[in-house]
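Student: For reference, the file protein.cif (mmCIF, C-alpha atoms (C1' of nucleotides)) is included below:
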```cif
data_query
#
loop_
_atom_site.label_atom_id
_atom_site.label_comp_id
_atom_site.auth_asym_id
_atom_site.auth_seq_id
_atom_site.Cartn_x
_atom_site.Cartn_y
_atom_site.Cartn_z
CA MET P 1 83.48 101.70 85.33
CA ALA P 2 81.56 99.04 87.18
CA MET P 3 78.70 101.29 88.25
CA GLU P 4 77.19 104.27 86.52
CA LEU P 5 76.65 107.03 89.07
CA GLY P 6 74.88 109.15 86.50
CA THR P 7 71.64 107.34 87.22
CA TYR P 8 71.67 107.74 91.01
CA LEU P 9 69.48 110.52 92.30
CA PRO P 10 71.52 111.19 95.45
CA TYR P 11 74.51 111.78 93.20
CA LEU P 12 72.62 113.82 90.61
CA VAL P 13 70.92 115.94 93.22
CA ASN P 14 74.00 116.71 95.26
CA ARG P 15 76.07 117.40 92.20
CA VAL P 16 73.68 120.13 91.16
CA GLY P 17 73.21 121.35 94.71
CA GLN P 18 76.93 121.73 95.18
CA ARG P 19 77.15 123.87 92.08
CA PHE P 20 74.43 126.13 93.32
CA ILE P 21 76.17 126.46 96.66
CA ALA P 22 79.47 127.31 95.03
CA ARG P 23 77.69 130.05 93.09
CA ILE P 24 75.74 131.52 95.95
CA THR P 25 78.54 131.49 98.53
CA PRO P 26 80.20 134.74 97.40
CA VAL P 27 76.85 136.48 97.57
CA LEU P 28 76.29 135.17 101.07
CA ASN P 29 79.70 136.37 102.15
CA GLU P 30 78.94 139.87 100.94
CA GLU P 31 75.96 139.80 103.27
CA GLY P 32 78.13 138.49 106.08
CA VAL P 33 76.50 135.08 106.32
CA ASP P 34 77.96 131.65 105.67
CA VAL P 35 76.33 128.61 104.10
CA GLN P 36 75.10 127.20 107.40
CA MET P 37 73.57 130.49 108.42
CA TRP P 38 71.91 130.65 105.04
CA ARG P 39 70.36 127.26 105.59
CA VAL P 40 68.98 128.43 108.90
CA LEU P 41 67.67 131.64 107.38
CA ILE P 42 65.74 129.92 104.63
CA ALA P 43 64.45 127.24 106.98
CA LEU P 44 63.02 129.92 109.25
CA TYR P 45 61.83 131.98 106.34
CA GLN P 46 60.02 129.02 104.91
CA HIS P 47 58.68 127.38 108.04
CA GLY P 48 58.43 130.31 110.41
CA ALA P 49 59.81 130.47 113.95
CA ARG P 50 60.55 127.06 115.43
CA PRO P 51 62.03 125.43 118.52
CA VAL P 52 65.75 124.81 118.22
CA GLY P 53 65.30 121.06 118.14
CA ALA P 54 62.81 121.23 115.30
CA LEU P 55 65.17 123.51 113.44
CA ALA P 56 67.93 120.96 113.92
CA ASP P 57 65.68 118.35 112.35
CA VAL P 58 64.79 120.30 109.24
CA THR P 59 68.32 121.54 108.69
CA SER P 60 70.12 118.34 109.71
CA ILE P 61 72.53 120.49 111.73
CA ASN P 62 73.94 119.02 114.94
CA LEU P 63 72.20 120.43 117.99
CA SER P 64 75.19 121.83 119.82
CA THR P 65 76.58 123.20 116.56
CA LEU P 66 73.23 124.76 115.82
CA SER P 67 73.03 126.30 119.27
CA ARG P 68 76.33 128.03 118.73
CA LEU P 69 75.42 128.97 115.19
CA ILE P 70 72.22 130.60 116.40
CA GLY P 71 74.28 132.47 118.99
CA ARG P 72 76.43 133.97 116.25
CA MET P 73 73.38 134.79 114.17
CA GLU P 74 71.82 136.44 117.17
CA GLY P 75 74.95 138.56 117.47
CA LYS P 76 74.40 139.64 113.89
CA LYS P 77 70.77 140.46 114.69
CA LEU P 78 69.59 137.94 112.09
CA VAL P 79 67.53 135.87 114.51
CA GLU P 80 66.16 136.11 118.01
CA ARG P 81 65.28 133.54 120.66
CA TRP P 82 62.50 133.40 123.18
CA ARG P 83 60.95 130.82 125.48
CA GLY P 84 58.19 128.72 123.96
CA GLU P 85 54.75 128.06 125.34
CA ASP P 86 56.31 124.94 126.76
CA ALA P 87 59.04 126.92 128.44
CA ARG P 88 61.55 124.14 128.17
CA SER P 89 61.81 124.92 124.51
CA VAL P 90 63.43 127.94 122.96
CA ILE P 91 61.87 129.36 119.83
CA VAL P 92 64.10 130.80 117.13
CA GLY P 93 62.72 133.30 114.68
CA LEU P 94 63.93 135.77 112.09
CA THR P 95 64.37 139.40 113.04
CA PRO P 96 63.18 142.00 110.53
CA GLU P 97 66.85 142.33 109.61
CA GLY P 98 67.16 138.59 109.10
CA ARG P 99 64.11 138.62 106.92
CA ALA P 100 65.49 141.54 104.94
CA VAL P 101 68.83 139.81 104.35
CA THR P 102 67.04 136.67 103.23
CA GLU P 103 64.92 138.63 100.83
CA ARG P 104 67.99 140.28 99.35
CA ILE P 105 69.66 136.92 98.72
CA VAL P 106 66.73 134.91 97.40
CA PRO P 107 66.49 136.91 94.16
CA VAL P 108 70.15 136.15 93.46
CA ALA P 109 69.38 132.46 93.85
CA ALA P 110 66.55 133.03 91.43
CA GLU P 111 68.99 134.51 88.94
CA LEU P 112 71.22 131.48 89.27
CA GLU P 113 68.24 129.36 88.52
CA THR P 114 67.35 131.40 85.49
CA GLU P 115 70.85 131.07 84.11
CA ALA P 116 70.98 127.37 84.77
CA THR P 117 67.60 126.71 83.17
CA ASP P 118 68.15 128.84 80.13
CA ASP P 119 67.12 126.07 77.77
CA PHE P 120 64.32 124.63 79.86
CA SER P 121 60.75 124.95 78.73
CA GLU P 122 58.21 126.15 81.26
CA ALA P 123 56.75 122.67 81.30
CA GLU P 124 60.12 121.11 82.09
CA LEU P 125 60.70 123.58 84.88
CA ALA P 126 57.32 122.86 86.38
CA THR P 127 57.89 119.13 86.12
CA LEU P 128 61.30 119.34 87.75
CA ARG P 129 59.95 121.39 90.63
CA GLN P 130 57.06 119.05 91.11
CA LEU P 131 59.24 115.96 91.10
CA LEU P 132 61.75 117.47 93.53
CA ASN P 133 58.93 118.31 95.87
CA LYS P 134 57.59 114.82 95.57
CA LEU P 135 61.02 113.38 96.20
CA TYR P 136 61.44 115.50 99.30
CA GLY P 137 58.08 114.35 100.51
CA GLY P 138 59.29 110.78 100.21
CA MET P 139 62.03 111.40 102.75
CA SER P 140 61.14 111.76 106.41
CA GLU P 141 63.05 114.34 108.35
CA GLU P 142 64.22 112.47 111.39
CA THR P 143 67.72 111.13 111.28
CA VAL P 144 67.89 107.38 110.92
CA ASP P 145 70.24 105.91 113.48
CA LYS P 146 72.39 102.87 112.95
CA GLU P 147 70.22 100.41 114.84
CA THR P 148 67.06 101.44 113.05
CA ARG P 149 68.77 101.29 109.70
CA LEU P 150 70.20 97.84 110.29
CA ALA P 151 66.88 96.61 111.62
CA GLY P 152 65.05 97.90 108.56
CA MET F 1 55.63 135.09 103.60
CA ALA F 2 56.71 137.54 100.96
CA MET F 3 58.49 134.98 98.77
CA GLU F 4 57.70 131.35 98.23
CA LEU F 5 60.93 129.38 98.36
CA GLY F 6 59.14 126.22 97.30
CA THR F 7 59.47 127.25 93.68
CA TYR F 8 63.21 127.90 93.68
CA LEU F 9 65.32 125.11 92.29
CA PRO F 10 68.44 125.90 94.33
CA TYR F 11 66.31 125.56 97.44
CA LEU F 12 64.48 122.46 96.27
CA VAL F 13 67.63 120.75 95.13
CA ASN F 14 69.66 121.44 98.24
CA ARG F 15 66.83 120.52 100.52
CA VAL F 16 66.68 117.07 99.00
CA GLY F 17 70.44 116.81 98.75
CA GLN F 18 70.84 117.60 102.42
CA ARG F 19 68.44 114.84 103.34
CA PHE F 20 70.37 112.34 101.29
CA ILE F 21 73.59 113.44 102.95
CA ALA F 22 72.11 113.11 106.42
CA ARG F 23 71.08 109.57 105.51
CA ILE F 24 74.32 108.46 103.94
CA THR F 25 76.66 109.96 106.54
CA PRO F 26 76.38 107.12 109.08
CA VAL F 27 77.18 104.66 106.32
CA LEU F 28 80.22 106.67 105.30
CA ASN F 29 81.42 106.80 108.87
CA GLU F 30 81.26 103.04 109.14
CA GLU F 31 83.62 102.91 106.19
CA GLY F 32 85.86 105.50 107.81
CA VAL F 33 85.23 108.26 105.29
CA ASP F 34 83.60 111.64 105.77
CA VAL F 35 81.34 113.56 103.41
CA GLN F 36 84.17 115.42 101.72
CA MET F 37 86.12 112.25 101.12
CA TRP F 38 82.98 110.71 99.70
CA ARG F 39 82.64 113.57 97.27
CA VAL F 40 86.20 113.01 96.14
CA LEU F 41 85.68 109.28 95.83
CA ILE F 42 82.64 109.59 93.60
CA ALA F 43 84.21 112.34 91.53
CA LEU F 44 87.19 110.10 90.82
CA TYR F 45 85.00 107.08 90.34
CA GLN F 46 82.88 108.92 87.84
CA HIS F 47 85.50 110.92 85.98
CA GLY F 48 88.58 108.80 86.48
CA ALA F 49 91.98 110.01 87.69
CA ARG F 50 92.42 113.76 87.42
CA PRO F 51 94.88 116.53 88.26
CA VAL F 52 94.29 118.03 91.68
CA GLY F 53 93.18 121.34 90.21
CA ALA F 54 90.60 119.71 87.98
CA LEU F 55 89.35 117.74 90.94
CA ALA F 56 88.98 120.97 92.87
CA ASP F 57 86.85 122.33 90.04
CA VAL F 58 84.44 119.43 89.83
CA THR F 59 84.11 119.10 93.59
CA SER F 60 84.16 122.83 94.41
CA ILE F 61 86.60 122.07 97.21
CA ASN F 62 89.22 124.69 98.05
CA LEU F 63 92.61 123.75 96.65
CA SER F 64 94.62 123.78 99.86
CA THR F 65 91.82 122.03 101.68
CA LEU F 66 91.68 119.45 98.91
CA SER F 67 95.42 118.94 99.01
CA ARG F 68 95.24 118.11 102.70
CA LEU F 69 92.15 116.01 102.22
CA ILE F 70 93.89 113.97 99.56
CA GLY F 71 96.80 113.53 101.94
CA ARG F 72 94.50 111.99 104.52
CA MET F 73 92.84 109.82 101.91
CA GLU F 74 96.23 108.70 100.74
CA GLY F 75 96.98 107.69 104.31
CA LYS F 76 93.85 105.55 104.24
CA LYS F 77 94.99 104.03 100.94
CA LEU F 78 91.87 105.30 99.21
CA VAL F 79 93.70 107.32 96.57
CA GLU F 80 97.18 107.71 95.18
CA ARG F 81 99.04 110.55 93.51
CA TRP F 82 101.55 110.63 90.71
CA ARG F 83 103.10 113.23 88.43
CA GLY F 84 101.16 113.98 85.28
CA GLU F 85 102.42 114.07 81.71
CA ASP F 86 102.78 117.77 82.26
CA ALA F 87 104.90 117.21 85.33
CA ARG F 88 103.72 120.40 87.01
CA SER F 89 100.47 118.65 87.67
CA VAL F 90 99.78 115.85 90.11
CA ILE F 91 97.23 113.25 89.14
CA VAL F 92 94.96 111.76 91.79
CA GLY F 93 93.34 108.41 91.24
CA LEU F 94 91.49 105.75 93.17
CA THR F 95 93.39 102.79 94.57
CA PRO F 96 91.72 99.38 94.25
CA GLU F 97 90.78 99.83 97.90
CA GLY F 98 89.26 103.23 97.18
CA ARG F 99 87.28 101.76 94.34
CA ALA F 100 86.13 98.90 96.55
CA VAL F 101 84.97 101.25 99.30
CA THR F 102 83.09 103.33 96.76
CA GLU F 103 81.40 100.30 95.35
CA ARG F 104 80.31 99.22 98.80
CA ILE F 105 78.72 102.58 99.50
CA VAL F 106 77.02 103.27 96.19
CA PRO F 107 74.47 100.48 96.64
CA VAL F 108 73.42 102.01 99.95
CA ALA F 109 72.82 105.27 98.17
CA ALA F 110 70.78 103.31 95.70
CA GLU F 111 68.68 101.94 98.54
CA LEU F 112 68.07 105.44 99.83
CA GLU F 113 66.89 106.36 96.40
CA THR F 114 64.58 103.39 96.21
CA GLU F 115 63.00 104.29 99.53
CA ALA F 116 62.61 107.93 98.60
CA THR F 117 61.05 107.16 95.24
CA ASP F 118 58.69 104.52 96.47
CA ASP F 119 55.72 106.15 94.82
CA PHE F 120 57.45 107.29 91.65
CA SER F 121 56.58 105.71 88.35
CA GLU F 122 59.45 104.58 86.13
CA ALA F 123 58.61 107.42 83.79
CA GLU F 124 58.79 109.99 86.57
CA LEU F 125 62.14 108.63 87.70
CA ALA F 126 63.51 108.77 84.20
CA THR F 127 62.24 112.30 83.74
CA LEU F 128 63.72 113.49 87.01
CA ARG F 129 67.10 112.02 86.17
CA GLN F 130 67.05 113.52 82.73
CA LEU F 131 66.10 116.97 83.97
CA LEU F 132 68.73 116.91 86.72
CA ASN F 133 71.34 116.01 84.17
CA LYS F 134 70.16 118.78 81.91
CA LEU F 135 70.21 121.23 84.80
CA TYR F 136 73.75 120.22 85.68
CA GLY F 137 74.73 120.72 82.08
CA GLY F 138 73.41 124.25 82.29
CA MET F 139 75.91 125.13 85.00
CA SER F 140 79.55 125.59 84.11
CA GLU F 141 82.05 124.21 86.54
CA GLU F 142 84.43 127.09 87.09
CA THR F 143 83.80 129.23 90.14
CA VAL F 144 82.47 132.65 89.30
CA ASP F 145 84.48 135.29 91.12
CA LYS F 146 83.09 138.55 92.40
CA GLU F 147 84.37 140.75 89.59
CA THR F 148 83.04 138.49 86.87
CA ARG F 149 79.70 138.20 88.55
CA LEU F 150 79.32 141.94 89.00
CA ALA F 151 80.43 142.56 85.43
CA GLY F 152 77.87 140.11 84.12
"C1'" DC I 1 57.44 118.43 147.36
"C1'" DG I 2 60.97 115.33 145.32
"C1'" DC I 3 62.35 112.97 141.09
"C1'" DC I 4 62.80 112.00 136.56
"C1'" DA I 5 62.32 113.49 131.77
"C1'" DA I 6 62.75 116.92 128.07
"C1'" DA I 7 64.90 120.85 125.63
"C1'" DA I 8 68.82 123.66 125.22
"C1'" DT I 9 73.14 125.30 126.28
"C1'" DT I 10 77.80 125.00 127.45
"C1'" DT I 11 82.35 123.07 127.72
"C1'" DG I 12 86.48 120.63 126.39
"C1'" DC I 13 88.72 118.64 122.75
"C1'" DA I 14 90.41 117.05 118.48
"C1'" DC I 15 89.96 117.92 113.86
"C1'" DT I 16 88.62 120.29 109.47
"C1'" DT I 17 88.21 124.34 106.76
"C1'" DG I 18 89.25 128.56 104.15
"C1'" DC I 19 92.35 132.25 103.27
"C1'" DA I 20 96.59 134.38 102.29
"C1'" DA I 21 101.30 134.00 101.79
"C1'" DA I 22 105.47 131.42 101.02
"C1'" DT I 23 107.73 127.60 98.66
"C1'" DA I 24 108.71 124.07 95.26
"C1'" DA I 25 108.72 121.83 90.85
"C1'" DT I 26 108.04 122.35 85.92
"C1'" DT I 27 106.88 124.45 81.75
"C1'" DT I 28 106.50 128.33 78.74
"C1'" DT I 29 107.99 132.68 76.99
"C1'" DA I 30 110.80 136.39 75.72
"C1'" DT N 1 118.97 130.80 79.26
"C1'" DA N 2 116.71 133.93 82.50
"C1'" DA N 3 112.25 135.46 83.82
"C1'" DA N 4 107.47 134.64 84.21
"C1'" DA N 5 103.62 131.61 84.58
"C1'" DT N 6 101.37 127.22 86.09
"C1'" DT N 7 100.32 123.59 89.31
"C1'" DA N 8 100.57 121.89 93.88
"C1'" DT N 9 101.96 121.85 98.50
"C1'" DT N 10 102.76 123.76 102.88
"C1'" DT N 11 102.25 126.87 106.75
"C1'" DG N 12 100.16 129.85 110.12
"C1'" DC N 13 96.04 131.20 111.82
"C1'" DA N 14 91.34 132.14 113.06
"C1'" DA N 15 87.15 130.00 113.06
"C1'" DG N 16 83.61 126.31 112.57
"C1'" DT N 17 82.22 121.40 113.52
"C1'" DG N 18 80.85 117.11 115.79
"C1'" DC N 19 80.83 114.36 119.85
"C1'" DA N 20 80.29 113.31 124.58
"C1'" DA N 21 79.55 114.86 129.04
"C1'" DA N 22 78.00 118.18 132.35
"C1'" DT N 23 74.66 121.82 133.42
"C1'" DT N 24 70.49 124.66 133.35
"C1'" DT N 25 65.66 125.44 133.01
"C1'" DT N 26 61.19 123.84 133.09
"C1'" DG N 27 57.41 120.37 132.93
"C1'" DG N 28 55.11 116.22 134.45
"C1'" DC N 29 54.25 112.64 137.79
"C1'" DG N 30 53.76 110.06 142.01
#
```
In C-alpha cells, write the structure found in this file.
Tutor:
Amino acid sequence: MAMELGTYLPYLVNRVGQRFIARITPVLNEEGVDVQMWRVLIALYQHGARPVGALADVTSINLSTLSRLIGRMEGKKLVERWRGEDARSVIVGLTPEGRAVTERIVPVAAELETEATDDFSEAELATLRQLLNKLYGGMSEETVDKETRLAG
Amino acid sequence: MAMELGTYLPYLVNRVGQRFIARITPVLNEEGVDVQMWRVLIALYQHGARPVGALADVTSINLSTLSRLIGRMEGKKLVERWRGEDARSVIVGLTPEGRAVTERIVPVAAELETEATDDFSEAELATLRQLLNKLYGGMSEETVDKETRLAG
DNA sequence: CGCCAAAATTTGCACTTGCAAATAATTTTA
DNA sequence: TAAAATTATTTGCAAGTGCAAATTTTGGCG
C-alpha cells in the first residue's frame, strides 16, 4: 500500500465513531429515534436550546433537512420550537420527554464505552478524553466552502 | 444538566468525526464520490480486496445498500467485482482509478489533520493515534443484534 | 413607510437508504 | 444426489436527504 491510513486521525476517529454508531443504533430504534435525531438530542442536551441555524452549525446537518427533522421530532414530542428574542429566529429546545429519552440512552452509550475500554487504565482514558477535546477545539464549526478552502 | 456528555467517548469521538466529515465532503464531491463511497474506498485501500459481506462488516453498511453502492462505484470504474475462490462469494477490489482517486483525497484529509492538530506536540499526536487504535481494537466488528445484547 | 437583509420553512425533485422478501449461484451436509 | 445453508443480488416500498428556488416572518435602515 502506498499510504498508511492507520496514522491519519480523520480515518482513526471515524472508524471508531462508526463502530459506536453501529452499536448504539438498535438502542436508538427501540426508543423510536434515528441517528440524526440522536445527534440533535445530544447537541441540545449539551448546549441547551438554540436557534435552528446554530443547531445546523454544531450538527453539520443541512438546514432544510434539519428543519424537517425537527418537525418530525416535534411530532414525537422530543423537542419544541418557539420564537427567539430576535423573532426572526426560532429556538429549538428539548421537551421534558426529549430530555428523558436522552437520559435513558446516554447510559447505554456509557456501557459501550466501558466495554470498549476494558483494558484502558484510568490515566489512558483521561488522556484520550483530553486529547479528543483538544482536537475538537482545534476545529472551527463553520463549514468551509470551496472558495475559502482554495484560497487558504 | 444532569449528565455531562463531555466525558463520554462515543460522544467525543463522533463529534470530532462529524467535523472531519463536514470538512472532507466538498473534496469528495469534487472527485465525484459521496461519503459512503469514500468509506468503501478507504476500507478497500486499507484492507485490500474483500468479499462483499466482509466489506459490509468493516464498513457497517447494510448489505443490500452496499450491493447497490458497489454497483454505482463500479459504474464509475472505482471498484471491480469478481468471483471468489469460494465461488459463492464476490470479491470487491479497487481499480487503478479507484486507488488513484483515494490517493488524491487522502492527502487532503492529512491537511485537515494538520490544521486541527496545530497545537499538538508530536508526543500528543502519537499518543492519540495509539489510543484510538487501541480503542478500535476493543470493539469487535460484528453487529450486535438485539437478542445478543439483551442476553449480555 | 418602503426596501433590503436575515432566519426559517416549504416545495419539488432526484437519489439514497434500510428492511423484508424473493431469487440466484455455489457449497456443504445428510 | 437431494436438501439445506451460505453469499450476493434484486425488487418493492416507505422514508430520509441534499440542493435550489420560492415564500414567510421579522428586523434594521434610509
Student: List the residues selected by the PyMOL selection byres ((chain N) within 12 of (chain F)) in the file shown, writing them as number ranges by chain.
Tutor: N: 5-11, 18
Student: Is it possible to see chain P as a CSV table (one decimal) with C-alpha atoms, keeping the file's coordinate frame, once it has been laid onto chain F by a least-squares fit on every C-alpha atom in order?
Tutor:
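Written out: part.csv:
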```csv
chain,number,residue,atom,x,y,z
P,1,MET,CA,55.6,135.2,103.6
P,2,ALA,CA,56.8,137.6,101.0
P,3,MET,CA,58.5,135.0,98.8
P,4,GLU,CA,57.7,131.4,98.2
P,5,LEU,CA,61.0,129.4,98.4
P,6,GLY,CA,59.2,126.3,97.3
P,7,THR,CA,59.5,127.2,93.7
P,8,TYR,CA,63.2,127.9,93.7
P,9,LEU,CA,65.3,125.1,92.3
P,10,PRO,CA,68.5,125.9,94.3
P,11,TYR,CA,66.3,125.6,97.5
P,12,LEU,CA,64.5,122.5,96.3
P,13,VAL,CA,67.6,120.8,95.1
P,14,ASN,CA,69.7,121.5,98.2
P,15,ARG,CA,66.8,120.5,100.5
P,16,VAL,CA,66.7,117.1,99.0
P,17,GLY,CA,70.5,116.8,98.8
P,18,GLN,CA,70.9,117.6,102.4
P,19,ARG,CA,68.5,114.8,103.3
P,20,PHE,CA,70.4,112.3,101.3
P,21,ILE,CA,73.6,113.4,102.9
P,22,ALA,CA,72.1,113.1,106.4
P,23,ARG,CA,71.1,109.6,105.5
P,24,ILE,CA,74.3,108.5,103.9
P,25,THR,CA,76.7,110.0,106.5
P,26,PRO,CA,76.4,107.1,109.1
P,27,VAL,CA,77.2,104.6,106.3
P,28,LEU,CA,80.2,106.6,105.3
P,29,ASN,CA,81.4,106.8,108.8
P,30,GLU,CA,81.3,103.0,109.1
P,31,GLU,CA,83.6,102.9,106.1
P,32,GLY,CA,85.9,105.5,107.8
P,33,VAL,CA,85.2,108.2,105.3
P,34,ASP,CA,83.6,111.6,105.8
P,35,VAL,CA,81.3,113.5,103.4
P,36,GLN,CA,84.2,115.4,101.7
P,37,MET,CA,86.1,112.2,101.1
P,38,TRP,CA,83.0,110.7,99.7
P,39,ARG,CA,82.6,113.6,97.3
P,40,VAL,CA,86.2,113.0,96.1
P,41,LEU,CA,85.7,109.3,95.8
P,42,ILE,CA,82.6,109.6,93.6
P,43,ALA,CA,84.2,112.4,91.5
P,44,LEU,CA,87.2,110.1,90.8
P,45,TYR,CA,85.0,107.1,90.3
P,46,GLN,CA,82.9,108.9,87.8
P,47,HIS,CA,85.5,110.9,86.0
P,48,GLY,CA,88.6,108.8,86.4
P,49,ALA,CA,92.0,110.0,87.7
P,50,ARG,CA,92.5,113.8,87.4
P,51,PRO,CA,94.9,116.5,88.3
P,52,VAL,CA,94.3,118.0,91.7
P,53,GLY,CA,93.2,121.3,90.2
P,54,ALA,CA,90.6,119.7,88.0
P,55,LEU,CA,89.4,117.8,91.0
P,56,ALA,CA,89.0,121.0,92.9
P,57,ASP,CA,86.9,122.4,90.1
P,58,VAL,CA,84.5,119.5,89.9
P,59,THR,CA,84.1,119.1,93.6
P,60,SER,CA,84.2,122.9,94.4
P,61,ILE,CA,86.6,122.1,97.3
P,62,ASN,CA,89.2,124.7,98.1
P,63,LEU,CA,92.6,123.8,96.7
P,64,SER,CA,94.6,123.8,99.9
P,65,THR,CA,91.8,122.0,101.7
P,66,LEU,CA,91.7,119.5,99.0
P,67,SER,CA,95.4,118.9,99.1
P,68,ARG,CA,95.2,118.1,102.7
P,69,LEU,CA,92.1,116.0,102.2
P,70,ILE,CA,93.9,114.0,99.6
P,71,GLY,CA,96.8,113.5,102.0
P,72,ARG,CA,94.5,112.0,104.5
P,73,MET,CA,92.8,109.8,101.9
P,74,GLU,CA,96.2,108.7,100.7
P,75,GLY,CA,97.0,107.7,104.3
P,76,LYS,CA,93.8,105.5,104.2
P,77,LYS,CA,95.0,104.0,100.9
P,78,LEU,CA,91.8,105.3,99.2
P,79,VAL,CA,93.7,107.3,96.6
P,80,GLU,CA,97.2,107.7,95.2
P,81,ARG,CA,99.1,110.5,93.5
P,82,TRP,CA,101.6,110.6,90.7
P,83,ARG,CA,103.1,113.2,88.5
P,84,GLY,CA,101.2,113.9,85.3
P,85,GLU,CA,102.5,114.0,81.8
P,86,ASP,CA,102.9,117.7,82.3
P,87,ALA,CA,105.0,117.1,85.5
P,88,ARG,CA,103.9,120.2,87.1
P,89,SER,CA,100.5,118.6,87.7
P,90,VAL,CA,99.8,115.8,90.1
P,91,ILE,CA,97.3,113.2,89.2
P,92,VAL,CA,95.0,111.8,91.8
P,93,GLY,CA,93.3,108.4,91.2
P,94,LEU,CA,91.5,105.7,93.2
P,95,THR,CA,93.4,102.8,94.5
P,96,PRO,CA,91.7,99.4,94.2
P,97,GLU,CA,90.8,99.8,97.9
P,98,GLY,CA,89.2,103.2,97.1
P,99,ARG,CA,87.3,101.8,94.3
P,100,ALA,CA,86.1,98.9,96.5
P,101,VAL,CA,84.9,101.2,99.3
P,102,THR,CA,83.1,103.3,96.7
P,103,GLU,CA,81.4,100.3,95.3
P,104,ARG,CA,80.3,99.2,98.8
P,105,ILE,CA,78.7,102.6,99.5
P,106,VAL,CA,77.0,103.3,96.2
P,107,PRO,CA,74.5,100.5,96.6
P,108,VAL,CA,73.4,102.0,99.9
P,109,ALA,CA,72.8,105.3,98.2
P,110,ALA,CA,70.8,103.3,95.7
P,111,GLU,CA,68.7,101.9,98.5
P,112,LEU,CA,68.1,105.4,99.8
P,113,GLU,CA,66.9,106.4,96.4
P,114,THR,CA,64.6,103.4,96.2
P,115,GLU,CA,63.0,104.3,99.5
P,116,ALA,CA,62.6,107.9,98.6
P,117,THR,CA,61.1,107.2,95.3
P,118,ASP,CA,58.7,104.5,96.5
P,119,ASP,CA,55.7,106.1,94.8
P,120,PHE,CA,57.4,107.3,91.7
P,121,SER,CA,56.6,105.7,88.4
P,122,GLU,CA,59.5,104.6,86.2
P,123,ALA,CA,58.6,107.4,83.8
P,124,GLU,CA,58.8,110.0,86.6
P,125,LEU,CA,62.1,108.6,87.7
P,126,ALA,CA,63.5,108.8,84.2
P,127,THR,CA,62.2,112.3,83.8
P,128,LEU,CA,63.7,113.5,87.0
P,129,ARG,CA,67.1,112.0,86.2
P,130,GLN,CA,67.0,113.5,82.8
P,131,LEU,CA,66.1,117.0,84.0
P,132,LEU,CA,68.7,116.9,86.7
P,133,ASN,CA,71.3,116.0,84.2
P,134,LYS,CA,70.1,118.8,81.9
P,135,LEU,CA,70.2,121.2,84.8
P,136,TYR,CA,73.8,120.3,85.7
P,137,GLY,CA,74.7,120.7,82.1
P,138,GLY,CA,73.4,124.3,82.3
P,139,MET,CA,75.9,125.1,85.0
P,140,SER,CA,79.6,125.6,84.1
P,141,GLU,CA,82.1,124.2,86.6
P,142,GLU,CA,84.4,127.1,87.1
P,143,THR,CA,83.8,129.3,90.1
P,144,VAL,CA,82.4,132.7,89.3
P,145,ASP,CA,84.4,135.4,91.0
P,146,LYS,CA,83.0,138.6,92.3
P,147,GLU,CA,84.2,140.8,89.4
P,148,THR,CA,82.9,138.5,86.8
P,149,ARG,CA,79.6,138.2,88.5
P,150,LEU,CA,79.1,141.9,88.9
P,151,ALA,CA,80.2,142.5,85.3
P,152,GLY,CA,77.7,140.0,84.0
```
Student: How close does chain I get to chain P? List, as CSV, each residue of chain I within 10 Å, its nearest atom pair and the distance in Å to one decimal, counting only C-alpha atoms (C1' of nucleotides).
Tutor:
```
residue,atom,partner,partner_atom,distance
I:DA6,C1',P:Arg88,CA,7.3
I:DA7,C1',P:Ser89,CA,5.2
I:DA8,C1',P:Ser89,CA,7.2
I:DT9,C1',P:Ser67,CA,7.1
I:DT10,C1',P:Ser64,CA,8.7
```
Student: Just the residues within 8 Å of Val35 of chain F, please, counting only C-alpha atoms (C1' of nucleotides), with nothing from its chain fewer than 5 positions along; format it as a PyMOL selection string.
Tutor: chain F and resi 21+25+28
Student: For the selection just defined, write its residues with C-alpha atoms to a file, as an mmCIF file, keeping the file's coordinate frame.
Tutor:
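What landed in out00.cif:
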```
data_model
loop_
_atom_site.group_PDB
_atom_site.id
_atom_site.type_symbol
_atom_site.label_atom_id
_atom_site.label_comp_id
_atom_site.auth_asym_id
_atom_site.auth_seq_id
_atom_site.Cartn_x
_atom_site.Cartn_y
_atom_site.Cartn_z
ATOM 1 C CA ILE F 21 73.590 113.440 102.950
ATOM 2 C CA THR F 25 76.660 109.960 106.540
ATOM 3 C CA LEU F 28 80.220 106.670 105.300
#
```
Student: In Å, with one decimal, what is the gap from atom CA of Gly75 of chain F to atom CA of Val106 of chain F?
Tutor: 22.0 Å
Student: Going by the chain IDs and residue numbers used in this file, which residues fall under the PyMOL selection byres ((chain P) within 8 of (chain F))? Write them as an MDAnalysis selection string.
Tutor: chainID P and resid 1 3:5 7:10 12:20 22:23 26 42 45:46 59:60 103 109:110 113 115:119 124 128:129 131:133 135:136 138:139 141 143:146
Student: At most 10 Å from (72.8, 131.7, 112.1), file frame, all atoms listed in the file: which residues, as a PyMOL selection string?
Tutor: chain P and resi 33-41+66-80+94+98
Student: Start from the incomplete input, build N, CA and C atoms for segment 83-88 of chain F, and deliver everything as an mmCIF file, in the coordinates of the input.
Tutor:
```cif
data_model
loop_
_atom_site.group_PDB
_atom_site.id
_atom_site.type_symbol
_atom_site.label_atom_id
_atom_site.label_comp_id
_atom_site.auth_asym_id
_atom_site.auth_seq_id
_atom_site.Cartn_x
_atom_site.Cartn_y
_atom_site.Cartn_z
ATOM 1 N N ARG F 83 102.877 112.095 89.311
ATOM 2 C CA ARG F 83 103.100 113.230 88.430
ATOM 3 C C ARG F 83 102.396 113.005 87.093
ATOM 4 N N GLY F 84 101.845 114.074 86.563
ATOM 5 C CA GLY F 84 101.160 113.980 85.280
ATOM 6 C C GLY F 84 102.137 114.056 84.111
ATOM 7 N N GLU F 85 101.609 113.955 82.922
ATOM 8 C CA GLU F 85 102.420 114.070 81.710
ATOM 9 C C GLU F 85 103.088 115.440 81.715
ATOM 10 N N ASP F 86 102.241 116.459 81.941
ATOM 11 C CA ASP F 86 102.780 117.770 82.260
ATOM 12 C C ASP F 86 103.157 117.676 83.731
ATOM 13 N N ALA F 87 104.456 117.570 83.989
ATOM 14 C CA ALA F 87 104.900 117.210 85.330
ATOM 15 C C ALA F 87 104.695 118.303 86.380
ATOM 16 N N ARG F 88 104.085 119.428 85.980
ATOM 17 C CA ARG F 88 103.720 120.400 87.010
ATOM 18 C C ARG F 88 102.499 119.890 87.766
#
```
